[in-house]
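Peer 1: Next comes entry06.txt, compact mmCIF, C-alpha atoms:
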```txt
# COMPACT_ATOMS: atom_id res chain seq x y z
CA MET C 12 0.00 0.00 0.00
CA ASN C 13 1.47 3.40 -0.90
CA ASP C 14 -1.53 5.72 -1.00
CA PHE C 15 -1.99 6.64 2.64
CA LEU C 16 -1.77 9.61 4.99
CA ALA C 17 -2.76 12.03 2.26
CA THR C 18 -1.10 15.44 2.57
CA VAL C 19 -3.39 18.43 2.98
CA GLU C 20 -2.23 22.05 2.59
CA TRP C 21 -4.27 23.78 5.30
CA ALA C 22 -3.73 27.31 4.00
CA SER C 23 -5.22 26.41 0.61
CA LEU C 24 -8.48 25.02 2.04
CA ASP C 25 -11.71 26.93 2.44
CA ALA C 26 -13.82 26.56 5.58
CA ALA C 27 -15.89 23.67 4.22
CA SER C 28 -12.81 21.75 3.11
CA ARG C 29 -11.20 22.24 6.50
CA ARG C 30 -14.27 20.84 8.21
CA ALA C 31 -14.23 17.87 5.84
CA THR C 32 -10.56 17.21 6.58
CA LEU C 33 -11.25 17.01 10.32
CA GLU C 34 -14.43 14.98 9.98
CA ARG C 35 -14.32 11.68 11.86
CA PRO C 36 -15.20 8.41 10.14
CA THR C 37 -18.85 7.54 10.61
CA ALA C 38 -19.30 5.10 13.46
CA LEU C 39 -22.80 5.91 14.60
CA ALA C 40 -25.15 2.99 15.14
CA SER C 41 -27.31 2.12 12.17
CA SER C 42 -31.05 1.64 12.52
CA ASP C 43 -30.46 -2.11 12.17
CA ILE C 44 -28.01 -2.13 15.09
CA THR C 45 -30.39 -0.07 17.21
CA ALA C 46 -33.24 -2.49 16.51
CA ASP C 47 -31.04 -5.48 17.33
CA VAL C 48 -29.85 -3.89 20.55
CA ARG C 49 -33.39 -3.08 21.64
CA ALA C 50 -34.29 -6.74 21.15
CA ILE C 51 -31.29 -7.85 23.21
CA LEU C 52 -32.16 -5.42 26.02
CA ALA C 53 -35.74 -6.63 26.10
CA ALA C 54 -34.70 -10.29 26.18
CA VAL C 55 -32.32 -9.79 29.10
CA ARG C 56 -34.87 -7.72 30.97
CA GLU C 57 -37.49 -10.44 30.56
CA ARG C 58 -35.43 -13.65 30.84
CA GLY C 59 -32.37 -12.65 32.88
CA ASP C 60 -29.59 -15.24 33.07
CA GLN C 61 -31.37 -17.51 30.60
CA ALA C 62 -31.03 -14.82 27.94
CA LEU C 63 -27.40 -14.20 28.83
CA LEU C 64 -26.55 -17.88 28.38
CA ALA C 65 -28.40 -18.01 25.07
CA PHE C 66 -26.60 -14.93 23.77
CA SER C 67 -23.22 -16.37 24.82
CA GLN C 68 -23.94 -19.34 22.60
CA GLN C 69 -25.28 -17.19 19.77
CA PHE C 70 -22.64 -14.43 19.71
CA ASP C 71 -19.58 -15.94 21.41
CA GLY C 72 -20.00 -19.53 20.26
CA VAL C 73 -19.66 -20.98 23.76
CA GLU C 74 -22.11 -22.92 25.91
CA LEU C 75 -21.93 -21.81 29.54
CA SER C 76 -23.65 -23.32 32.55
CA ASN C 77 -23.46 -20.02 34.45
CA VAL C 78 -22.07 -16.55 33.81
CA ARG C 79 -20.32 -15.80 37.10
CA VAL C 80 -16.58 -16.33 37.36
CA THR C 81 -15.95 -18.52 40.39
CA ALA C 82 -13.29 -18.00 43.04
CA ALA C 83 -11.52 -21.09 41.72
CA GLU C 84 -11.43 -19.59 38.22
CA MET C 85 -9.99 -16.38 39.64
CA ARG C 86 -7.20 -18.28 41.40
CA ALA C 87 -6.47 -20.45 38.38
CA ALA C 88 -6.28 -17.41 36.11
CA GLU C 89 -3.64 -15.73 38.23
CA ALA C 90 -1.67 -18.97 38.56
CA SER C 91 -1.58 -19.29 34.77
CA LEU C 92 0.22 -15.99 34.28
CA SER C 93 3.97 -15.57 34.15
CA SER C 94 5.81 -13.59 36.79
CA GLU C 95 6.66 -11.03 34.09
CA VAL C 96 2.97 -10.43 33.35
CA ILE C 97 2.08 -10.20 37.05
CA GLU C 98 4.91 -7.72 37.61
CA ALA C 99 3.75 -5.56 34.68
CA ILE C 100 0.17 -5.53 36.00
CA ASP C 101 1.35 -4.59 39.49
CA ASP C 102 3.67 -1.84 38.22
CA ALA C 103 0.95 -0.31 36.06
CA MET C 104 -1.62 -0.55 38.84
CA ALA C 105 0.70 1.16 41.33
CA ASN C 106 1.15 4.16 39.02
CA VAL C 107 -2.55 4.41 38.17
CA ARG C 108 -3.42 4.16 41.85
CA ARG C 109 -0.88 6.83 42.82
CA PHE C 110 -2.21 9.34 40.30
CA HIS C 111 -5.88 8.61 40.96
CA GLU C 112 -5.61 8.75 44.75
CA ALA C 113 -4.61 12.40 44.37
CA GLN C 114 -7.88 13.08 42.48
CA ALA C 115 -10.33 12.16 45.24
CA PRO C 116 -12.82 15.05 45.49
CA ALA C 117 -12.69 16.88 48.80
CA ALA C 118 -15.52 17.92 51.09
CA ILE C 119 -15.91 21.65 51.61
CA GLU C 120 -17.67 23.82 54.22
CA VAL C 121 -18.41 27.53 53.84
CA GLU C 122 -20.37 29.91 56.06
CA THR C 123 -21.98 32.05 53.36
CA VAL C 124 -23.56 34.46 55.86
CA ASP C 125 -23.53 34.49 59.63
CA GLY C 126 -25.65 31.55 60.72
CA VAL C 127 -25.87 29.76 57.36
CA VAL C 128 -23.38 26.98 56.66
CA CYS C 129 -23.18 25.31 53.24
CA GLN C 130 -21.29 22.08 52.70
CA ARG C 131 -20.39 19.75 49.90
CA VAL C 132 -20.05 16.14 50.96
CA VAL C 133 -18.71 13.24 48.90
CA ARG C 134 -20.36 9.82 48.64
CA PRO C 135 -19.31 6.90 46.44
CA ILE C 136 -21.85 5.66 43.91
CA ASP C 137 -23.49 2.65 45.53
CA ARG C 138 -23.36 0.25 42.58
CA VAL C 139 -21.13 0.55 39.51
CA GLY C 140 -20.80 -1.66 36.45
CA LEU C 141 -17.48 -1.97 34.61
CA TYR C 142 -17.40 -3.24 31.03
CA VAL C 143 -14.10 -4.59 29.68
CA PRO C 144 -14.17 -5.44 25.95
CA ALA C 145 -12.40 -8.42 24.43
CA GLY C 146 -13.35 -8.19 20.77
CA SER C 147 -10.16 -8.48 18.74
CA ALA C 148 -8.03 -8.73 21.90
CA PRO C 149 -8.57 -8.77 25.67
CA LEU C 150 -8.00 -5.43 27.38
CA PRO C 151 -6.65 -5.87 30.92
CA SER C 152 -5.53 -2.24 30.76
CA THR C 153 -9.17 -1.15 30.56
CA ALA C 154 -10.00 -3.33 33.57
CA LEU C 155 -7.25 -1.52 35.42
CA MET C 156 -8.44 1.96 34.37
CA LEU C 157 -11.99 1.20 35.56
CA ALA C 158 -11.40 -0.93 38.63
CA VAL C 159 -8.76 1.18 40.37
CA PRO C 160 -10.71 4.47 40.55
CA ALA C 161 -13.85 2.55 41.56
CA GLN C 162 -11.89 1.00 44.41
CA ILE C 163 -10.38 4.33 45.47
CA ALA C 164 -13.84 5.94 45.46
CA GLY C 165 -15.07 3.15 47.74
CA CYS C 166 -18.05 2.04 45.65
CA PRO C 167 -19.64 -0.77 47.72
CA VAL C 168 -20.85 -2.85 44.75
CA ARG C 169 -18.52 -3.21 41.77
CA VAL C 170 -19.60 -5.51 38.95
CA LEU C 171 -17.26 -6.34 36.06
CA CYS C 172 -18.47 -7.90 32.80
CA THR C 173 -16.16 -9.15 30.06
CA PRO C 174 -16.83 -11.51 27.11
CA PRO C 175 -15.85 -15.17 27.33
CA ASN C 176 -13.15 -16.51 25.03
CA ALA C 177 -13.51 -19.52 22.73
CA GLN C 178 -12.99 -21.85 25.70
CA GLY C 179 -15.77 -20.17 27.69
CA ALA C 180 -13.39 -18.48 30.13
CA ALA C 181 -12.72 -14.86 30.94
CA ASP C 182 -9.28 -13.58 30.02
CA PRO C 183 -6.87 -14.41 32.87
CA THR C 184 -5.15 -11.03 32.79
CA VAL C 185 -8.49 -9.25 33.20
CA LEU C 186 -9.27 -11.53 36.14
CA ALA C 187 -5.88 -10.83 37.71
CA VAL C 188 -6.54 -7.09 37.55
CA ALA C 189 -10.02 -7.55 39.02
CA ALA C 190 -8.66 -9.61 41.91
CA ARG C 191 -5.98 -7.04 42.69
CA ALA C 192 -8.58 -4.25 42.69
CA GLY C 193 -10.85 -6.13 45.08
CA ILE C 194 -13.53 -7.05 42.54
CA ASP C 195 -14.97 -10.52 43.02
CA ALA C 196 -18.23 -10.06 41.10
CA VAL C 197 -16.95 -10.83 37.61
CA PHE C 198 -19.17 -12.17 34.85
CA LYS C 199 -18.44 -13.80 31.50
CA VAL C 200 -20.86 -11.66 29.54
CA GLY C 201 -20.10 -9.38 26.62
CA GLY C 202 -21.77 -7.05 24.16
CA ALA C 203 -25.12 -5.34 24.52
CA GLN C 204 -26.33 -8.20 26.74
CA ALA C 205 -23.71 -7.28 29.35
CA ILE C 206 -24.93 -3.70 29.40
CA ALA C 207 -28.51 -4.95 29.75
CA ALA C 208 -27.55 -7.24 32.63
CA MET C 209 -25.95 -4.39 34.56
CA ALA C 210 -28.73 -1.95 33.73
CA TYR C 211 -31.63 -4.19 34.76
CA GLY C 212 -30.05 -6.87 36.94
CA THR C 213 -30.49 -10.61 36.53
CA GLU C 214 -30.49 -13.59 38.89
CA SER C 215 -26.67 -13.39 38.93
CA VAL C 216 -25.72 -9.86 37.94
CA SER C 217 -26.48 -6.95 40.26
CA GLN C 218 -28.28 -3.93 38.86
CA VAL C 219 -26.00 -0.88 38.91
CA ASP C 220 -26.39 2.88 39.06
CA ARG C 221 -23.71 3.83 36.54
CA ILE C 222 -22.02 1.89 33.74
CA PHE C 223 -18.42 2.49 32.67
CA GLY C 224 -16.24 1.23 29.86
CA PRO C 225 -15.75 1.35 26.08
CA GLY C 226 -17.08 -1.05 23.48
CA ASN C 227 -18.19 -1.56 19.91
CA ALA C 228 -21.25 -0.03 18.25
CA TRP C 229 -23.59 -2.53 19.96
CA VAL C 230 -22.17 -1.77 23.40
CA THR C 231 -22.23 1.97 22.82
CA THR C 232 -25.79 1.83 21.51
CA ALA C 233 -26.89 -0.26 24.49
CA LYS C 234 -25.33 2.20 26.93
CA THR C 235 -27.04 5.12 25.21
CA LEU C 236 -30.44 3.40 25.21
CA VAL C 237 -30.45 2.26 28.85
CA ALA C 238 -29.22 5.67 30.02
CA ALA C 239 -32.17 7.31 28.24
CA GLU C 240 -34.72 5.18 30.08
CA ILE C 241 -36.57 6.63 33.07
CA GLY C 242 -34.70 5.34 36.09
CA GLY C 243 -31.97 3.90 33.89
CA PRO C 244 -28.30 3.94 34.88
CA ALA C 245 -25.97 6.82 34.13
CA ILE C 246 -23.05 6.15 31.81
CA ASP C 247 -19.50 7.45 31.74
CA LEU C 248 -18.39 9.11 28.49
CA PRO C 249 -19.37 9.20 24.83
CA ALA C 250 -17.34 6.41 23.27
CA GLY C 251 -16.14 6.08 19.70
CA PRO C 252 -13.12 4.76 17.82
CA SER C 253 -9.78 5.87 19.19
CA GLU C 254 -7.98 8.88 17.69
CA VAL C 255 -4.69 10.74 17.95
CA MET C 256 -3.33 14.04 16.69
CA VAL C 257 0.45 14.44 16.53
CA ILE C 258 1.76 18.01 16.34
CA ALA C 259 5.40 17.91 15.30
CA ASP C 260 8.08 20.21 13.93
CA GLY C 261 10.75 19.52 11.34
CA ASP C 262 13.21 18.26 13.94
CA ALA C 263 10.93 15.47 15.15
CA ASN C 264 12.10 11.90 14.71
CA ALA C 265 9.96 10.51 11.89
CA GLU C 266 10.28 6.96 13.23
CA PHE C 267 8.73 8.13 16.51
CA VAL C 268 5.96 10.00 14.73
CA ALA C 269 5.13 7.05 12.50
CA ALA C 270 5.11 4.66 15.45
CA ASP C 271 2.70 6.91 17.36
CA LEU C 272 0.34 7.11 14.39
CA LEU C 273 0.37 3.36 13.82
CA ALA C 274 -0.16 2.66 17.52
CA GLN C 275 -3.54 4.34 17.37
CA ALA C 276 -4.37 3.14 13.87
CA GLU C 277 -4.19 -0.49 14.99
CA HIS C 278 -7.16 -0.03 17.34
CA ASP C 279 -9.91 0.08 14.72
CA ARG C 280 -10.43 0.59 11.01
CA LEU C 281 -12.62 3.58 12.02
CA SER C 282 -9.92 5.12 14.17
CA GLN C 283 -8.34 8.33 12.93
CA VAL C 284 -4.75 9.53 13.13
CA LEU C 285 -3.65 13.02 12.13
CA LEU C 286 -0.18 14.50 11.75
CA VAL C 287 -0.10 18.30 11.85
CA THR C 288 3.25 19.86 11.03
CA ASP C 289 4.96 22.86 9.47
CA SER C 290 7.48 20.63 7.72
CA ASP C 291 7.07 19.02 4.29
CA ALA C 292 10.25 17.07 4.94
CA LEU C 293 8.80 15.52 8.11
CA ILE C 294 5.69 14.41 6.22
CA SER C 295 7.86 12.71 3.61
CA ARG C 296 10.06 11.03 6.22
CA THR C 297 7.02 9.92 8.22
CA ARG C 298 5.35 8.36 5.19
CA SER C 299 8.54 6.41 4.49
CA ALA C 300 8.76 5.33 8.13
CA ILE C 301 5.14 4.14 8.08
CA THR C 302 5.87 2.03 5.01
CA ARG C 303 8.81 0.39 6.76
CA GLN C 304 7.04 -0.15 10.07
CA LEU C 305 3.89 -1.58 8.52
CA ASP C 306 5.75 -4.72 7.49
CA ASP C 307 6.21 -5.69 11.14
CA ARG C 308 2.70 -4.91 12.41
CA GLN C 309 0.41 -7.82 13.24
CA ARG C 310 -2.73 -5.75 12.66
CA ARG C 311 -1.60 -4.36 9.32
CA SER C 312 -4.97 -4.77 7.63
CA ILE C 313 -6.74 -2.70 10.29
CA ILE C 314 -4.00 -0.07 10.18
CA GLU C 315 -4.23 0.31 6.42
CA GLN C 316 -7.99 0.79 6.58
CA CYS C 317 -7.56 3.40 9.31
CA LEU C 318 -4.98 5.33 7.31
CA VAL C 319 -7.58 5.92 4.62
CA ASN C 320 -9.45 8.06 7.17
CA SER C 321 -6.30 9.91 8.19
CA ALA C 322 -4.15 12.77 6.92
CA ALA C 323 -0.95 14.76 7.23
CA ILE C 324 -1.90 18.42 7.53
CA ARG C 325 0.71 20.92 6.44
CA VAL C 326 0.44 24.26 8.26
CA GLU C 327 2.39 27.50 8.12
CA SER C 328 3.16 27.49 11.83
CA LEU C 329 2.69 25.35 14.91
CA SER C 330 0.44 28.05 16.35
CA THR C 331 -1.99 27.19 13.56
CA ALA C 332 -1.56 23.52 14.50
CA ILE C 333 -2.67 24.31 18.04
CA ASP C 334 -5.71 26.16 16.68
CA ILE C 335 -6.61 23.08 14.63
CA CYS C 336 -6.23 20.92 17.74
CA ASN C 337 -8.55 23.13 19.77
CA ASP C 338 -11.16 22.91 17.03
CA TYR C 339 -10.78 19.14 16.53
CA ALA C 340 -10.50 18.29 20.27
CA PRO C 341 -8.60 15.00 19.90
CA GLU C 342 -8.86 12.13 22.33
CA HIS C 343 -5.05 11.97 22.40
CA LEU C 344 -2.68 14.81 21.56
CA ILE C 345 1.07 14.26 21.16
CA LEU C 346 3.27 17.36 21.15
CA ASN C 347 6.53 16.30 19.52
CA CYS C 348 8.22 19.64 19.00
CA ALA C 349 11.07 21.61 20.49
CA ASP C 350 8.88 23.81 22.69
CA ALA C 351 6.31 21.14 23.59
CA ALA C 352 6.01 21.94 27.30
CA ARG C 353 5.40 25.62 26.63
CA ARG C 354 2.64 24.86 24.15
CA VAL C 355 0.59 22.86 26.66
CA ASP C 356 -0.82 26.11 28.06
CA ASP C 357 -2.26 26.94 24.64
CA VAL C 358 -4.17 23.66 24.38
CA ARG C 359 -7.78 24.04 25.49
CA ASN C 360 -9.41 20.95 24.04
CA ALA C 361 -7.88 17.49 24.25
CA GLY C 362 -8.59 14.35 26.21
CA SER C 363 -5.00 13.63 27.23
CA ILE C 364 -1.73 15.32 26.21
CA PHE C 365 1.63 13.62 25.72
CA VAL C 366 4.51 16.06 25.90
CA GLY C 367 7.85 15.68 24.13
CA ALA C 368 9.63 13.11 22.01
CA TRP C 369 9.97 10.60 24.85
CA THR C 370 6.27 10.40 25.76
CA PRO C 371 4.46 7.97 23.47
CA GLU C 372 0.71 7.64 23.87
CA SER C 373 1.29 4.01 24.82
CA LEU C 374 2.43 5.16 28.26
CA GLY C 375 -1.00 6.61 28.97
CA ASP C 376 -2.72 3.52 27.66
CA TYR C 377 -0.98 1.32 30.18
CA CYS C 378 1.13 2.61 32.97
CA SER C 379 2.04 6.30 33.28
CA GLY C 380 -0.79 6.71 35.78
CA THR C 381 -3.36 8.70 33.80
CA ASN C 382 -6.62 7.12 32.69
CA HIS C 383 -7.05 5.91 29.13
CA VAL C 384 -10.87 6.11 29.13
CA LEU C 385 -11.19 9.42 27.29
CA PRO C 386 -13.76 11.43 25.32
CA THR C 387 -13.77 10.92 21.56
CA TYR C 388 -15.54 12.47 18.57
CA GLY C 389 -14.80 16.01 19.77
CA ALA C 390 -16.40 15.50 23.19
CA ALA C 391 -13.11 16.71 24.69
CA ARG C 392 -14.44 20.23 24.08
CA ALA C 393 -16.66 19.73 27.11
CA LEU C 394 -15.50 16.58 28.91
CA GLY C 395 -12.34 15.22 30.46
CA GLY C 396 -11.11 11.69 30.91
CA LEU C 397 -12.31 9.21 33.49
CA GLY C 398 -11.28 9.78 37.09
CA VAL C 399 -12.19 9.04 40.68
CA GLY C 400 -14.79 11.80 40.63
CA HIS C 401 -16.87 9.88 38.10
CA PHE C 402 -17.39 7.18 40.73
CA CYS C 403 -18.60 9.66 43.36
CA ARG C 404 -21.66 11.76 44.03
CA LEU C 405 -21.30 15.30 45.34
CA MET C 406 -24.16 16.33 47.61
CA THR C 407 -24.72 19.76 49.07
CA VAL C 408 -25.87 20.33 52.64
CA GLN C 409 -27.09 23.57 54.22
CA THR C 410 -27.76 24.36 57.85
CA ALA C 411 -29.31 27.63 59.04
CA SER C 412 -29.84 28.99 62.53
CA ARG C 413 -32.84 31.23 63.28
CA GLY C 414 -30.54 34.21 62.94
CA GLY C 415 -29.23 32.92 59.64
CA LEU C 416 -32.75 32.50 58.32
CA GLN C 417 -33.60 36.03 59.38
CA ARG C 418 -30.61 37.38 57.48
CA LEU C 419 -31.71 35.67 54.26
CA ALA C 420 -35.48 35.99 54.71
CA ARG C 421 -36.00 39.18 52.70
CA THR C 422 -33.88 37.92 49.80
CA THR C 423 -35.67 34.57 49.73
CA GLU C 424 -39.17 36.06 49.98
CA THR C 425 -38.46 38.70 47.33
CA LEU C 426 -37.17 36.20 44.80
CA ALA C 427 -39.95 33.69 45.55
CA ASN C 428 -42.66 36.31 45.06
CA LEU C 429 -40.92 37.52 41.91
CA GLU C 430 -41.39 34.03 40.49
CA GLY C 431 -44.98 33.77 41.71
CA LEU C 432 -44.16 31.02 44.21
CA ASP C 433 -45.73 32.38 47.35
CA ALA C 434 -45.58 29.00 49.12
CA HIS C 435 -41.82 29.26 48.95
CA ALA C 436 -41.99 32.67 50.59
CA TYR C 437 -44.40 31.44 53.27
CA ALA C 438 -42.06 28.57 54.17
CA VAL C 439 -39.69 31.31 55.33
CA SER C 440 -42.11 33.76 56.93
CA VAL C 441 -43.99 31.12 58.93
CA ARG C 442 -40.79 30.24 60.73
CA LEU C 443 -40.15 33.82 61.74
CA GLU C 444 -43.60 34.59 63.24
CA ASP C 445 -43.33 35.45 66.90
CA GLU C 446 -45.52 32.62 68.10
CA VAL C 447 -43.40 29.99 66.41
CA ALA C 448 -40.62 28.78 68.68
```
Any chance you could put this one into structure tokens?
Peer 2:
Amino acid sequence: MNDFLATVEWASLDAASRRATLERPTALASSDITADVRAILAAVRERGDQALLAFSQQFDGVELSNVRVTAAEMRAAEASLSSEVIEAIDDAMANVRRFHEAQAPAAIEVETVDGVVCQRVVRPIDRVGLYVPAGSAPLPSTALMLAVPAQIAGCPVRVLCTPPNAQGAADPTVLAVAARAGIDAVFKVGGAQAIAAMAYGTESVSQVDRIFGPGNAWVTTAKTLVAAEIGGPAIDLPAGPSEVMVIADGDANAEFVAADLLAQAEHDRLSQVLLVTDSDALISRTRSAITRQLDDRQRRSIIEQCLVNSAAIRVESLSTAIDICNDYAPEHLILNCADAARRVDDVRNAGSIFVGAWTPESLGDYCSGTNHVLPTYGAARALGGLGVGHFCRLMTVQTASRGGLQRLARTTETLANLEGLDAHAYAVSVRLEDEVA
């Protein structure tokens, strides 16, 4: 393949062409997928575990007697892993835990006026559901990114669902992560049926209050549908195919740039990778490096399909590159330029930023400590990545003395009457009548 990473001269494009260049590949659920997902949700809601077992046979090709991973399976999974794998899991978990422990939201208390105290208190979400995909490959890193902040937040009920493999077992590395994060409610259930099980509850799977984790179009559609139901669970972030933007100057190592682009391209044929640079020479070197590196990539077919949706954008300056980034709002942004650290302050919209030549996005995916569950499809304009706060509820508390109420009475009554809500006003005045103690 030699026709990939098409070069675009940004300065020569009109507004419509610029929008088209930054347009993500279409990955929205079709009407057929939505109809199929609705049927799956209804079946799980009506038949519980029976439906889950039937779908495992239909979609995963395995016949299970039950969906829960037993304690014996958990122990056997860990025993099957090499010491090298266990050490890597523990190292990554330690870093993720260290960074996320610093994120725990704090309680606050403020006396807004004399006699009126307002507080914000923090409570963990009672029941959370964690979905760990295993479509083209198991993702223990996702289990880590979900389970650790849930544990730090102190959520009492933590349910993890992950698809069974061809032998009818959950991936042992996912189970090892779950065990280390204190999760013992693990279920061999994947796809939309897993989302349904956590949303509605079954004989085995606990109903949850919020569902976390990425997935394919069926999983994403299921999450969207159950969250829209009255009384349905909340969900974490809008999820779509992974994406990266690399902003680089002419001095960047093209081998590094190419490797970073291919690392994201191997996720999904609908992923998108963008190189934005002020150097024609870097674009040429990067294209050559991609050609060389492709020969060694196991997921070459997926990468090549992704590169069709991708581009090298030639700009007049890196300041323009930052403007493009803020408009595009990438899930991942790599700054591979001489003044990378200084340019971070100019970035307003990105899910996660990787600064300098020695910071590949792979670090964030696995073990730097940041979370790899990030907003895609431009949602980084309004949302950040997953953190401990997503597993908590922030409640406000107010306490007023009689004197405090008196100090705010006129303001409250005036505003209530302004809105035509005299019962609100009376709830204040009745307390301040002389005969009321």
Peer 1: Rounded to one decimal, what separation in Å do you get between CA of Val257 in chain C and CA of Ala103 in chain C?
Peer 2: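 Result for CA of Val257 in chain C versus CA of Ala103 in chain C: 24.5 Å, one decimal.
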Peer 1: Would you work out the distance separating CA of Thr123 in chain C from CA of Met406 in chain C, expressed in Å to one decimal?
Peer 2: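 Those two atoms sit 16.9 Å apart.
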Peer 1: Can you tell me how far CA of Gln309 in chain C sits from CA of Gly146 in chain C, in Å to one decimal?
Peer 2: 15.7 Å
Peer 1: With the cut-off set at 12 Å and counting all atoms listed in the file, tabulate each residue of range 188-258 of chain C with an atom at most that distance from an atom of range 384-393 of chain C, showing the nearest atom pair and its distance in Å to one decimal, ordered by chain and increasing number, as a tab-separated table.
Peer 2:
```
residue	atom	partner	partner_atom	distance
C:Phe223	CA	C:Val384	CA	9.1
C:Gly224	CA	C:Val384	CA	7.3
C:Pro225	CA	C:Val384	CA	7.5
C:Gly226	CA	C:Val384	CA	11.0
C:Asp247	CA	C:Val384	CA	9.1
C:Leu248	CA	C:Pro386	CA	6.1
C:Pro249	CA	C:Pro386	CA	6.1
C:Ala250	CA	C:Thr387	CA	6.0
C:Gly251	CA	C:Thr387	CA	5.7
C:Pro252	CA	C:Thr387	CA	7.2
C:Ser253	CA	C:Thr387	CA	6.9
C:Glu254	CA	C:Thr387	CA	7.3
C:Val255	CA	C:Thr387	CA	9.8
C:Met256	CA	C:Thr387	CA	11.9
```
Peer 1: Need to verify the contact set: range 74-82 of chain C, 12 Å, only C-alpha atoms, exclusion of same-chain residues closer than 3 positions in sequence. Can you return it as a count of residues only?
Peer 2: 53
Peer 1: In terms of the shortest atom-to-atom distance over all atoms listed in the file, which of C:Asp125, C:Glu95, C:Asp101, C:Asp220 is closest to Pro167 in chain C?
Peer 2: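 For Pro167 in chain C, the nearest of the given residues is C:Asp220.
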Peer 1: Using all atoms listed in the file, find the one residue out of C:Ala259, C:Ala158, C:Ile294, C:Ala164 that sits nearest to Ala113 in chain C.
Peer 2: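 Between C:Ala259, C:Ala158, C:Ile294, C:Ala164, the residue approaching Ala113 in chain C most closely is C:Ala164.
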Peer 1: Using only C-alpha atoms, pick whichever of C:Ser152, C:Asn428, C:Gln162, C:Thr235 has the shortest atom-to-atom distance to Arg108 in chain C.
Peer 2: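 Counting only C-alpha atoms, the residue closest to Arg108 in chain C is C:Gln162.
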Peer 1: With all atoms listed in the file counted, which protein, DNA or RNA residues have an atom no more than 10 Å from (-5.1, 15.5, 15.2) in the file frame? Please answer as a PyMOL selection string.
Peer 2: chain C and resi 33+254-258+283-287+321-324+332-333+335-345+361
Peer 1: Have a look at C:Cys378, C:Leu394, C:Leu318, C:Ala117 and name the one nearest to Thr18 in chain C; count all atoms listed in the file.
Peer 2: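 Looking at the shortest contact to Thr18 in chain C, the residue is C:Leu318.
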Peer 1: Considering all atoms listed in the file, can you say which of C:Leu405, C:Ala207, C:Asp334, C:Asp262 comes closest to Ala54 in chain C?
Peer 2: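 Once distances to Ala54 in chain C are computed over all atoms listed in the file, the minimum belongs to C:Ala207.
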Peer 1: Given all atoms listed in the file as the basis, pick out the residue of C:Thr45, C:Arg421, C:Asp137, C:Arg359 nearest to Gln218 in chain C.
Peer 2: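 Of C:Thr45, C:Arg421, C:Asp137, C:Arg359, the one nearest Gln218 in chain C, counting all atoms listed in the file, is C:Asp137.
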Peer 1: Write out as a PDB file with C-alpha atoms, in the frame of the given file which residues come within 12 Å of Gly242 in chain C when counting only C-alpha atoms, dropping same-chain ones fewer than 6 positions away.
Peer 2:
```pdb
ATOM      1  CA  ALA C 210     -28.730  -1.950  33.730  1.00  0.00           C
ATOM      2  CA  TYR C 211     -31.630  -4.190  34.760  1.00  0.00           C
ATOM      3  CA  GLN C 218     -28.280  -3.930  38.860  1.00  0.00           C
ATOM      4  CA  VAL C 219     -26.000  -0.880  38.910  1.00  0.00           C
ATOM      5  CA  ASP C 220     -26.390   2.880  39.060  1.00  0.00           C
ATOM      6  CA  ARG C 221     -23.710   3.830  36.540  1.00  0.00           C
ATOM      7  CA  LEU C 236     -30.440   3.400  25.210  1.00  0.00           C
TER       8      LEU C 236
END
```
